[in-house]
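Shown here: entry_21.txt, compact mmCIF, C-alpha atoms and all ligand atoms.
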# COMPACT_ATOMS: atom_id res chain seq x y z
CA MET K 1 -3.43 22.37 9.09
CA LYS K 2 -2.31 22.27 5.41
CA ILE K 3 -1.72 18.83 3.91
CA LEU K 4 -0.38 17.89 0.50
CA ILE K 5 -1.21 14.42 -0.82
CA ILE K 6 1.17 13.24 -3.55
CA GLY K 7 0.02 10.34 -5.74
CA SER K 8 -3.62 11.40 -5.41
CA ASN K 9 -4.90 9.27 -8.32
CA GLY K 10 -3.70 6.03 -6.75
CA GLN K 11 -5.68 3.77 -4.44
CA LEU K 12 -4.46 5.25 -1.16
CA GLY K 13 -4.39 8.82 -2.50
CA TRP K 14 -8.04 8.50 -3.48
CA GLU K 15 -9.07 7.00 -0.12
CA LEU K 16 -7.25 9.79 1.73
CA GLN K 17 -9.21 12.39 -0.19
CA ARG K 18 -12.60 10.92 0.63
CA THR K 19 -11.76 10.50 4.31
CA VAL K 20 -10.14 13.92 4.86
CA PRO K 21 -10.87 15.28 8.36
CA GLN K 22 -12.78 18.56 8.63
CA ASN K 23 -9.96 20.64 10.08
CA VAL K 24 -7.61 19.82 7.19
CA ASP K 25 -6.86 22.19 4.30
CA MET K 26 -5.97 19.60 1.66
CA ALA K 27 -4.26 19.79 -1.73
CA ALA K 28 -3.98 16.57 -3.77
CA LEU K 29 -1.67 16.18 -6.77
CA ASP K 30 -0.48 13.43 -9.08
CA TYR K 31 1.80 13.10 -12.08
CA PRO K 32 2.18 15.16 -14.31
CA ASP K 33 1.02 18.09 -12.13
CA ILE K 34 3.70 16.98 -9.71
CA ASP K 35 6.71 14.81 -10.56
CA ILE K 36 8.58 13.61 -7.51
CA THR K 37 11.56 12.61 -9.66
CA ASP K 38 12.00 16.26 -10.75
CA GLU K 39 13.59 18.28 -7.92
CA LYS K 40 12.80 21.67 -9.49
CA ASN K 41 9.15 20.80 -10.06
CA LEU K 42 8.86 19.52 -6.51
CA GLN K 43 10.44 22.66 -5.07
CA SER K 44 8.07 25.00 -6.89
CA VAL K 45 5.01 22.91 -5.85
CA MET K 46 6.18 23.04 -2.22
CA ASP K 47 6.74 26.80 -2.38
CA GLU K 48 3.26 27.24 -3.80
CA HIS K 49 1.47 25.07 -1.19
CA LEU K 50 3.74 25.30 1.88
CA PRO K 51 2.10 22.28 3.55
CA ASP K 52 2.49 21.38 7.24
CA TRP K 53 2.40 17.69 6.25
CA ILE K 54 3.20 15.86 3.01
CA ILE K 55 1.73 12.38 2.45
CA ASN K 56 3.72 10.43 -0.13
CA CYS K 57 1.43 7.87 -1.78
CA ALA K 58 3.27 8.12 -5.11
CA ALA K 59 5.12 4.99 -6.12
CA TYR K 60 6.12 2.75 -8.99
CA THR K 61 3.92 -0.20 -7.93
CA ASP K 62 4.20 -2.59 -10.90
CA VAL K 63 6.10 -5.32 -9.04
CA ASP K 64 6.83 -7.44 -12.12
CA GLY K 65 7.44 -4.41 -14.36
CA ALA K 66 10.13 -3.19 -11.96
CA GLU K 67 12.27 -6.24 -12.74
CA LYS K 68 12.67 -4.91 -16.30
CA GLU K 69 12.40 -1.18 -15.52
CA ALA K 70 14.65 -1.00 -12.48
CA ASP K 71 15.76 2.58 -13.24
CA ALA K 72 12.19 3.84 -13.52
CA ALA K 73 11.21 2.08 -10.27
CA ARG K 74 14.28 3.46 -8.48
CA ALA K 75 13.63 7.00 -9.75
CA VAL K 76 10.18 7.09 -8.15
CA ASN K 77 10.47 4.77 -5.14
CA CYS K 78 13.91 5.82 -3.97
CA ASP K 79 14.98 9.15 -5.54
CA GLY K 80 11.41 10.51 -5.47
CA ALA K 81 11.00 9.68 -1.78
CA LYS K 82 14.39 11.28 -1.07
CA ASN K 83 13.41 14.45 -2.97
CA ILE K 84 10.21 14.79 -0.95
CA ALA K 85 12.07 14.28 2.34
CA ALA K 86 14.56 16.98 1.34
CA GLN K 87 11.70 19.38 0.61
CA ALA K 88 10.01 18.50 3.91
CA LEU K 89 13.23 19.39 5.74
CA ARG K 90 13.61 22.64 3.75
CA ILE K 91 10.09 23.94 4.43
CA ASN K 92 9.89 22.45 7.94
CA ALA K 93 6.99 20.10 7.07
CA ARG K 94 6.34 16.61 8.42
CA MET K 95 6.21 13.71 5.94
CA VAL K 96 4.29 10.44 5.92
CA HIS K 97 6.02 7.91 3.68
CA ILE K 98 4.24 4.69 2.68
CA SER K 99 6.20 1.48 2.21
CA THR K 100 5.63 -2.22 1.76
CA ASP K 101 5.81 -5.76 3.16
CA PHE K 102 7.95 -6.57 0.09
CA ILE K 103 11.02 -5.17 1.89
CA PHE K 104 11.02 -8.48 3.80
CA SER K 105 12.17 -11.83 2.43
CA GLY K 106 9.11 -13.73 3.62
CA ASN K 107 11.20 -16.60 4.97
CA ARG K 108 9.77 -16.27 8.50
CA SER K 109 6.63 -17.79 9.94
CA ARG K 110 5.77 -15.12 12.53
CA PRO K 111 4.53 -11.59 11.79
CA TYR K 112 7.27 -9.11 10.87
CA GLN K 113 7.94 -6.34 13.38
CA PRO K 114 8.93 -2.86 12.22
CA LEU K 115 12.58 -3.27 13.25
CA ASP K 116 13.04 -6.77 11.80
CA LYS K 117 15.88 -7.02 9.29
CA PRO K 118 14.72 -6.22 5.74
CA ASP K 119 15.87 -8.51 2.94
CA PRO K 120 13.91 -7.74 -0.23
CA LYS K 121 13.75 -10.35 -2.97
CA SER K 122 12.55 -8.10 -5.81
CA VAL K 123 13.63 -4.86 -7.49
CA TYR K 124 10.40 -3.25 -6.30
CA GLY K 125 11.12 -4.30 -2.69
CA GLN K 126 14.73 -3.11 -2.90
CA THR K 127 13.77 0.30 -4.33
CA LYS K 128 11.10 0.76 -1.65
CA LEU K 129 13.62 -0.17 1.07
CA ASP K 130 16.18 2.27 -0.37
CA GLY K 131 13.42 4.91 -0.39
CA GLU K 132 12.80 4.30 3.33
CA LYS K 133 16.51 4.60 4.05
CA SER K 134 16.76 7.89 2.11
CA VAL K 135 13.81 9.34 3.98
CA GLU K 136 15.33 8.23 7.28
CA SER K 137 18.78 9.66 6.46
CA ILE K 138 17.23 13.09 5.85
CA LEU K 139 14.45 13.30 8.43
CA LYS K 140 16.10 11.13 11.09
CA GLN K 141 13.90 10.71 14.22
CA ASP K 142 11.15 12.85 12.62
CA ARG K 143 10.43 10.23 9.96
CA LEU K 144 7.02 8.58 9.78
CA ILE K 145 7.10 5.46 7.64
CA VAL K 146 4.00 3.25 7.44
CA ARG K 147 4.44 -0.13 5.75
CA THR K 148 1.37 -1.87 4.43
CA ALA K 149 0.46 -4.89 2.26
CA TRP K 150 -1.99 -6.40 -0.24
CA LEU K 151 -3.86 -3.09 -0.78
CA TYR K 152 -7.16 -2.83 -2.62
CA SER K 153 -9.81 -0.16 -3.10
CA SER K 154 -12.92 0.40 -5.19
CA HIS K 155 -10.76 2.97 -7.05
CA GLY K 156 -7.90 1.72 -9.23
CA ASN K 157 -6.65 -1.68 -10.30
CA ASN K 158 -6.12 -4.43 -7.77
CA PHE K 159 -6.54 -8.13 -7.03
CA VAL K 160 -10.20 -7.83 -5.95
CA LYS K 161 -11.35 -6.11 -9.13
CA THR K 162 -9.22 -8.37 -11.34
CA MET K 163 -10.68 -11.47 -9.68
CA ILE K 164 -14.28 -10.32 -10.13
CA ARG K 165 -13.62 -9.64 -13.82
CA LEU K 166 -11.90 -13.01 -14.36
CA MET K 167 -14.62 -14.87 -12.43
CA ASP K 168 -17.12 -13.39 -14.84
CA GLU K 169 -15.07 -14.24 -17.95
CA LYS K 170 -13.59 -17.68 -17.15
CA GLU K 171 -14.87 -21.19 -16.43
CA GLU K 172 -12.23 -21.91 -13.79
CA LEU K 173 -9.36 -20.13 -11.98
CA THR K 174 -6.11 -21.37 -10.45
CA ILE K 175 -4.79 -19.21 -7.59
CA ILE K 176 -1.62 -19.44 -5.49
CA ASP K 177 -2.16 -20.88 -2.00
CA ASP K 178 1.35 -20.75 -0.52
CA GLN K 179 1.86 -16.98 -0.28
CA ILE K 180 0.42 -15.68 2.98
CA GLY K 181 -0.35 -12.06 3.85
CA SER K 182 -3.10 -9.71 5.07
CA PRO K 183 -5.53 -8.26 2.51
CA THR K 184 -5.97 -4.57 3.35
CA TRP K 185 -8.65 -2.08 2.31
CA ALA K 186 -6.89 1.20 1.50
CA ASN K 187 -9.78 3.03 3.20
CA GLY K 188 -8.69 1.72 6.61
CA LEU K 189 -5.08 2.64 5.88
CA ALA K 190 -6.19 6.18 4.96
CA LEU K 191 -8.02 6.56 8.30
CA THR K 192 -4.92 5.32 10.10
CA VAL K 193 -2.72 7.84 8.28
CA TRP K 194 -5.06 10.67 9.32
CA ALA K 195 -4.98 9.42 12.94
CA ALA K 196 -1.17 9.26 12.83
CA ILE K 197 -0.99 12.86 11.59
CA HIS K 198 -3.46 13.99 14.22
CA GLN K 199 -1.26 12.47 16.93
CA ASN K 200 2.00 13.73 15.39
CA LEU K 201 3.37 10.16 15.26
CA LYS K 202 7.07 9.51 14.51
CA GLY K 203 8.80 6.23 13.72
CA ILE K 204 8.39 3.13 11.56
CA PHE K 205 5.07 1.28 11.78
CA HIS K 206 3.08 -1.52 10.15
CA TRP K 207 -0.57 -1.32 9.18
CA THR K 208 -2.82 -3.95 7.57
CA ASP K 209 -6.32 -5.21 8.23
CA ALA K 210 -6.56 -8.03 10.82
CA GLY K 211 -6.20 -11.72 9.99
CA VAL K 212 -4.20 -13.58 7.36
CA ALA K 213 -4.98 -15.34 4.09
CA SER K 214 -3.40 -16.93 1.07
CA TRP K 215 -4.23 -15.44 -2.34
CA TYR K 216 -6.41 -18.55 -2.81
CA ASP K 217 -8.35 -17.86 0.44
CA PHE K 218 -8.71 -14.23 -0.65
CA ALA K 219 -10.04 -15.24 -4.08
CA VAL K 220 -12.58 -17.67 -2.56
CA ALA K 221 -13.82 -14.91 -0.23
CA ILE K 222 -14.02 -12.42 -3.13
CA GLN K 223 -16.18 -14.84 -5.11
CA GLU K 224 -18.53 -15.45 -2.17
CA GLU K 225 -18.92 -11.73 -1.42
CA ALA K 226 -19.32 -10.79 -5.09
CA ILE K 227 -22.08 -13.38 -5.52
CA ARG K 228 -23.82 -12.19 -2.34
CA ALA K 229 -23.64 -8.60 -3.62
CA GLY K 230 -25.06 -9.59 -7.02
CA LEU K 231 -21.88 -8.72 -8.93
CA LEU K 232 -21.49 -12.32 -10.16
CA LYS K 233 -24.26 -14.66 -11.32
CA LYS K 234 -22.54 -18.06 -10.95
CA THR K 235 -19.71 -19.66 -9.01
CA ILE K 236 -16.78 -21.13 -10.88
CA PRO K 237 -14.23 -23.62 -9.49
CA ILE K 238 -11.18 -21.96 -7.88
CA LEU K 239 -8.25 -24.34 -7.64
CA PRO K 240 -5.24 -23.85 -5.33
CA ILE K 241 -1.76 -24.02 -6.90
CA PRO K 242 1.76 -23.56 -5.49
CA THR K 243 3.87 -20.51 -6.46
CA ARG K 244 6.17 -22.71 -8.55
CA LYS K 245 3.27 -23.44 -10.92
CA TYR K 246 2.74 -19.68 -11.55
CA PRO K 247 6.17 -18.21 -12.30
CA THR K 248 6.38 -14.39 -12.35
CA PRO K 249 9.33 -12.08 -13.18
CA ALA K 250 9.51 -10.84 -9.54
CA LYS K 251 10.03 -13.12 -6.58
CA ARG K 252 7.43 -12.46 -3.85
CA PRO K 253 7.64 -13.15 -0.10
CA LEU K 254 5.92 -16.41 0.86
CA TYR K 255 4.96 -15.04 4.28
CA SER K 256 4.64 -11.27 4.70
CA VAL K 257 2.24 -10.81 7.60
CA LEU K 258 3.03 -7.53 9.40
CA ASP K 259 2.87 -7.05 13.18
CA LYS K 260 0.63 -4.02 13.81
CA LYS K 261 0.83 -3.87 17.60
CA ASP K 262 2.92 -0.68 17.77
CA ILE K 263 0.60 1.45 15.69
CA LEU K 264 -2.55 0.06 17.30
CA ASP K 265 -1.12 0.90 20.75
CA ALA K 266 0.19 4.31 19.70
CA LEU K 267 -3.07 5.43 18.09
CA GLY K 268 -5.55 3.52 20.26
CA LEU K 269 -7.01 1.73 17.23
CA GLU K 270 -8.37 -1.77 16.67
CA ALA K 271 -7.80 -3.54 13.38
CA VAL K 272 -10.89 -5.00 11.70
CA HIS K 273 -10.75 -8.46 10.07
CA TRP K 274 -9.98 -8.32 6.34
CA ARG K 275 -13.12 -10.28 5.48
CA SER K 276 -15.41 -7.56 6.92
CA ARG K 277 -13.45 -4.89 5.09
CA LEU K 278 -13.69 -6.85 1.84
CA LYS K 279 -17.46 -7.04 2.23
CA GLN K 280 -17.65 -3.25 2.70
CA MET K 281 -15.49 -2.55 -0.35
CA ILE K 282 -17.46 -4.96 -2.57
CA GLN K 283 -20.68 -3.18 -1.56
CA GLU K 284 -19.16 -0.06 -3.10
CA LEU K 285 -18.82 -1.84 -6.45
CA THR K 286 -22.56 -2.53 -6.67
N1 LIG X 301 -0.81 -1.77 -3.99
C1 LIG X 301 -0.36 -2.59 -3.05
O1 LIG X 301 -0.75 -3.77 -2.96
C2 LIG X 301 0.65 -2.10 -2.04
C3 LIG X 301 1.15 -3.00 -1.10
C4 LIG X 301 2.07 -2.54 -0.16
C5 LIG X 301 2.49 -1.22 -0.17
N2 LIG X 301 2.01 -0.37 -1.13
C6 LIG X 301 2.50 1.01 -1.12
O2 LIG X 301 1.40 1.84 -0.80
C7 LIG X 301 1.54 3.11 -1.45
C8 LIG X 301 0.27 3.44 -2.22
O3 LIG X 301 0.03 2.38 -3.15
P1 LIG X 301 -1.20 2.43 -4.18
O4 LIG X 301 -1.64 1.03 -4.39
O5 LIG X 301 -2.16 3.48 -3.75
O6 LIG X 301 -0.40 2.92 -5.48
P2 LIG X 301 -1.00 3.24 -6.92
O7 LIG X 301 -2.46 3.02 -6.94
O8 LIG X 301 -0.12 2.54 -7.91
O9 LIG X 301 -0.75 4.83 -7.02
C9 LIG X 301 0.53 5.38 -7.12
C10 LIG X 301 0.37 6.75 -7.73
O10 LIG X 301 1.66 7.36 -7.83
C11 LIG X 301 1.71 8.06 -9.06
N3 LIG X 301 3.07 8.33 -9.50
C12 LIG X 301 3.93 7.48 -10.13
N4 LIG X 301 5.07 8.13 -10.44
C13 LIG X 301 4.94 9.40 -10.00
C14 LIG X 301 5.80 10.54 -10.03
N5 LIG X 301 7.01 10.52 -10.60
N6 LIG X 301 5.36 11.70 -9.47
C15 LIG X 301 4.13 11.76 -8.91
N7 LIG X 301 3.27 10.71 -8.85
C16 LIG X 301 3.68 9.54 -9.39
C17 LIG X 301 0.99 7.14 -9.99
O11 LIG X 301 0.64 7.81 -11.18
P3 LIG X 301 0.57 6.95 -12.56
O12 LIG X 301 -0.56 5.97 -12.38
O13 LIG X 301 0.32 8.01 -13.58
O14 LIG X 301 1.90 6.26 -12.67
C18 LIG X 301 -0.21 6.72 -9.15
O15 LIG X 301 -1.30 7.61 -9.26
C19 LIG X 301 2.81 2.98 -2.31
O16 LIG X 301 3.89 3.52 -1.59
C20 LIG X 301 3.00 1.49 -2.46
O17 LIG X 301 4.36 1.16 -2.65
C21 LIG X 301 1.10 -0.78 -2.05

Would you mind writing the file out in structure tokens?
Ligand SMILES: NC(=O)c1ccc[n+]([C@@H]2O[C@H](COP(=O)([O-])OP(=O)(O)OC[C@H]3O[C@@H](n4cnc5c(N)ncnc54)[C@H](OP(=O)(O)O)[C@@H]3O)[C@@H](O)[C@H]2O)c1
Amino acid sequence: MKILIIGSNGQLGWELQRTVPQNVDMAALDYPDIDITDEKNLQSVMDEHLPDWIINCAAYTDVDGAEKEADAARAVNCDGAKNIAAQALRINARMVHISTDFIFSGNRSRPYQPLDKPDPKSVYGQTKLDGEKSVESILKQDRLIVRTAWLYSSHGNNFVKTMIRLMDEKEELTIIDDQIGSPTWANGLALTVWAAIHQNLKGIFHWTDAGVASWYDFAVAIQEEAIRAGLLKKTIPILPIPTRKYPTPAKRPLYSVLDKKDILDALGLEAVHWRSRLKQMIQELT
């Protein structure tokens, strides 16, 4: 089976490459070798590789930046996703498209199910939702959309690595405690994507690690694990603050826990608690 990973330098793209199953003939590309906003470029890459599956990990992921650069975010997250879906249809390939918890408003207090009504509060969330809709309008029932949340990996920039750096540099940190989600190691998402391909899954699904946390809980756990792993020498105070005390350009969902039941049932998987996954990832940083 031939698989093309797009966005290979990102967190998920990198994790997919190091978890690739043995029977897979994989090509992995990122900008500028592939530009999903450029239809001609995309067409010639597809003709060269003729994949059976395309995994779209490419995205404009700067949530605050998207508020100012809406056109750039839309070009990648919506038009880019649409271009890939059109190519998948043309060459008769299947496509895995990755999306986000930020398509939801976060006004609920129970986990979001895949068919719950989206209501994004940010430009990033809106462009990702429009990307999903474009993919769906082209691939119809053959679509495979996997939404995830709060991703981190030992490769790339993310909350875990930023926290460890700041905990080393600062005397004290204040972290938001009223946004709730599920921290998710991109490694586990990568394994789930491979399982979904193996089982020829179709539909819209949610995947995160198990359990929930606030950013404050997550930061406290990061400090404990980083000290245990010898990455930090001393603890510093971490103080909880409400979102209103840390204004950002983009509005974020206060509660964006995703219900994973459908994908766990479909693939026969069990989600592992985020704290165990965090420990594994931090070991990789040592
Ligand atoms: N990170 C999270 O917390 C999170 C949460 C929920 C959902 N997601 C979704 O999960 C997926 C993977 O996220 P991630 O964290 O792995 O993203 P990431 O680390 O930001 O990687 C995205 C990759 O896409 C590339 N890219 C951007 N524009 C491109 C273009 N026009 N053509 C080709 N490649 C392009 C980027 O290259 P450059 O670096 O050169 O721009 C980057 O290597 C995305 O769909 C994202 O929306 C992420």

Sorted by chain and rising residue number, which residues of chain K lie within 6 Å of ligand LIG 301 (chain X), and what are their closest atom pairs and distances in Å to one decimal, counting only C-alpha atoms and all ligand atoms, as JSON lines?
{"residue": "K:Gly7", "atom": "CA", "partner": "X:LIG301", "partner_atom": "O10", "distance": 4.0}
{"residue": "K:Ser8", "atom": "CA", "partner": "X:LIG301", "partner_atom": "O15", "distance": 5.9}
{"residue": "K:Asn9", "atom": "CA", "partner": "X:LIG301", "partner_atom": "O15", "distance": 4.1}
{"residue": "K:Gly10", "atom": "CA", "partner": "X:LIG301", "partner_atom": "O9", "distance": 3.2}
{"residue": "K:Gln11", "atom": "CA", "partner": "X:LIG301", "partner_atom": "O5", "distance": 3.6}
{"residue": "K:Leu12", "atom": "CA", "partner": "X:LIG301", "partner_atom": "O5", "distance": 3.9}
{"residue": "K:Gly13", "atom": "CA", "partner": "X:LIG301", "partner_atom": "O5", "distance": 5.9}
{"residue": "K:Asp30", "atom": "CA", "partner": "X:LIG301", "partner_atom": "N7", "distance": 4.6}
{"residue": "K:Tyr31", "atom": "CA", "partner": "X:LIG301", "partner_atom": "C15", "distance": 4.2}
{"residue": "K:Ile34", "atom": "CA", "partner": "X:LIG301", "partner_atom": "C15", "distance": 5.3}
{"residue": "K:Asp35", "atom": "CA", "partner": "X:LIG301", "partner_atom": "N6", "distance": 3.6}
{"residue": "K:Ile36", "atom": "CA", "partner": "X:LIG301", "partner_atom": "N6", "distance": 4.2}
{"residue": "K:Thr37", "atom": "CA", "partner": "X:LIG301", "partner_atom": "N5", "distance": 5.1}
{"residue": "K:Cys57", "atom": "CA", "partner": "X:LIG301", "partner_atom": "C8", "distance": 4.6}
{"residue": "K:Ala58", "atom": "CA", "partner": "X:LIG301", "partner_atom": "O10", "distance": 3.3}
{"residue": "K:Ala59", "atom": "CA", "partner": "X:LIG301", "partner_atom": "O10", "distance": 4.5}
{"residue": "K:Tyr60", "atom": "CA", "partner": "X:LIG301", "partner_atom": "C12", "distance": 5.3}
{"residue": "K:Thr61", "atom": "CA", "partner": "X:LIG301", "partner_atom": "O8", "distance": 4.9}
{"residue": "K:Val76", "atom": "CA", "partner": "X:LIG301", "partner_atom": "N5", "distance": 5.3}
{"residue": "K:Ile98", "atom": "CA", "partner": "X:LIG301", "partner_atom": "O16", "distance": 4.4}
{"residue": "K:Ser99", "atom": "CA", "partner": "X:LIG301", "partner_atom": "O16", "distance": 4.9}
{"residue": "K:Thr100", "atom": "CA", "partner": "X:LIG301", "partner_atom": "C5", "distance": 3.8}
{"residue": "K:Asp101", "atom": "CA", "partner": "X:LIG301", "partner_atom": "C4", "distance": 5.9}
{"residue": "K:Thr148", "atom": "CA", "partner": "X:LIG301", "partner_atom": "C4", "distance": 4.7}
{"residue": "K:Ala149", "atom": "CA", "partner": "X:LIG301", "partner_atom": "C4", "distance": 3.7}
{"residue": "K:Trp150", "atom": "CA", "partner": "X:LIG301", "partner_atom": "O1", "distance": 4.0}
{"residue": "K:Leu151", "atom": "CA", "partner": "X:LIG301", "partner_atom": "O1", "distance": 3.9}

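For the set K:Lys260, K:Ala86, K:Ile282, K:Asn187, the residue with the smallest atom-to-atom gap to Ser137 of chain K is K:Ala86, counting only C-alpha atoms.
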
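Between atom CA of Lys251 of chain K and atom CA of Gly106 of chain K lies a distance of 10.3 Å.
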
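Across K:Pro249, K:Pro21, K:Gly203, K:Pro51, the tightest approach to Leu139 of chain K is made by K:Gly203 when counting all atoms listed in the file.
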
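Residues lying within 10 Å of Ile145 of chain K, counting all atoms listed in the file and ignoring same-chain neighbours fewer than 5 positions away, are Asn56, Met95, Val96, His97, Ile98, Ser99, Thr100, Pro114, Glu132, Val135, Glu136, Leu201, Lys202, Gly203, Ile204, Phe205 and His206 of chain K.
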
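Candidate residues K:Gln113, K:Gln179, K:Thr127, K:Asn92 were compared for distance to Pro253 of chain K, and the nearest is K:Gln179, using all atoms listed in the file.
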
Q.
Taking 4 positions as the minimum chain separation for residues in the same chain, which residues sit within 7 Å of Pro120 of chain K when counting all atoms listed in the file? Answer as a PyMOL selection string.
A. chain K and resi 102-105+125-126

Q: Calculate how many Å separate atom CA of Arg90 of chain K from atom CA of Arg18 of chain K, rounding to one decimal.
A: 28.9 Å

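Atom CA of Thr243 of chain K is found 26.9 Å from atom CA of Ile227 of chain K.
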
Taking all listed atoms of segment 210-220 of chain K, build the axis-aligned box, pad each of the six sides by 3 Å, then write its centre and edge lengths in Å to one decimal as AutoDock Vina command-line options.
--center_x -8.0 --center_y -13.3 --center_z 3.4 --size_x 15.2 --size_y 16.5 --size_z 20.9

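Minimum atom-to-atom distances from K:Ala219, K:Leu42, K:Ala266, K:Ala73 to Thr192 of chain K were compared using only C-alpha atoms, and the lowest value belongs to K:Ala266.
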
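Restricting the calculation to all atoms listed in the file, the smallest distance between Gln17 of chain K and any of K:Asp262, K:Asp119, K:Ile5, K:Lys234 is found for K:Ile5.
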
Output requested as a compact mmCIF listing (two decimals), in the coordinates of the input - segment 239-251 of chain K, filled out with N, CA, C and O atoms.
# COMPACT_ATOMS: atom_id res chain seq x y z
N LEU K 239 -9.14 -23.25 -8.03
CA LEU K 239 -8.25 -24.34 -7.64
C LEU K 239 -6.95 -23.79 -7.07
O LEU K 239 -6.34 -22.88 -7.66
N PRO K 240 -6.50 -24.32 -5.91
CA PRO K 240 -5.24 -23.85 -5.33
C PRO K 240 -4.03 -24.41 -6.08
O PRO K 240 -4.03 -25.60 -6.45
N ILE K 241 -3.02 -23.54 -6.29
CA ILE K 241 -1.76 -24.02 -6.90
C ILE K 241 -0.58 -23.44 -6.11
O ILE K 241 -0.71 -22.38 -5.51
N PRO K 242 0.57 -24.12 -6.15
CA PRO K 242 1.76 -23.56 -5.49
C PRO K 242 2.40 -22.48 -6.36
O PRO K 242 2.20 -22.47 -7.59
N THR K 243 3.19 -21.60 -5.75
CA THR K 243 3.87 -20.51 -6.46
C THR K 243 4.68 -21.05 -7.65
O THR K 243 4.73 -20.42 -8.71
N ARG K 244 5.30 -22.20 -7.47
CA ARG K 244 6.17 -22.71 -8.55
C ARG K 244 5.39 -23.01 -9.83
O ARG K 244 5.96 -23.05 -10.91
N LYS K 245 4.08 -23.19 -9.73
CA LYS K 245 3.27 -23.44 -10.92
C LYS K 245 2.82 -22.14 -11.60
O LYS K 245 2.13 -22.16 -12.62
N TYR K 246 3.14 -20.98 -10.98
CA TYR K 246 2.74 -19.68 -11.55
C TYR K 246 3.94 -18.74 -11.51
O TYR K 246 4.00 -17.81 -10.71
N PRO K 247 4.95 -19.01 -12.36
CA PRO K 247 6.17 -18.21 -12.30
C PRO K 247 5.91 -16.76 -12.73
O PRO K 247 5.16 -16.52 -13.68
N THR K 248 6.50 -15.81 -12.01
CA THR K 248 6.38 -14.39 -12.35
C THR K 248 7.80 -13.79 -12.39
O THR K 248 8.71 -14.34 -11.77
N PRO K 249 7.98 -12.68 -13.12
CA PRO K 249 9.33 -12.08 -13.18
C PRO K 249 9.88 -11.74 -11.79
O PRO K 249 11.06 -11.95 -11.52
N ALA K 250 9.02 -11.21 -10.88
CA ALA K 250 9.51 -10.84 -9.54
C ALA K 250 9.24 -11.95 -8.55
O ALA K 250 8.17 -12.55 -8.56
N LYS K 251 10.22 -12.18 -7.67
CA LYS K 251 10.03 -13.12 -6.58
C LYS K 251 9.25 -12.41 -5.46
O LYS K 251 9.54 -11.26 -5.14
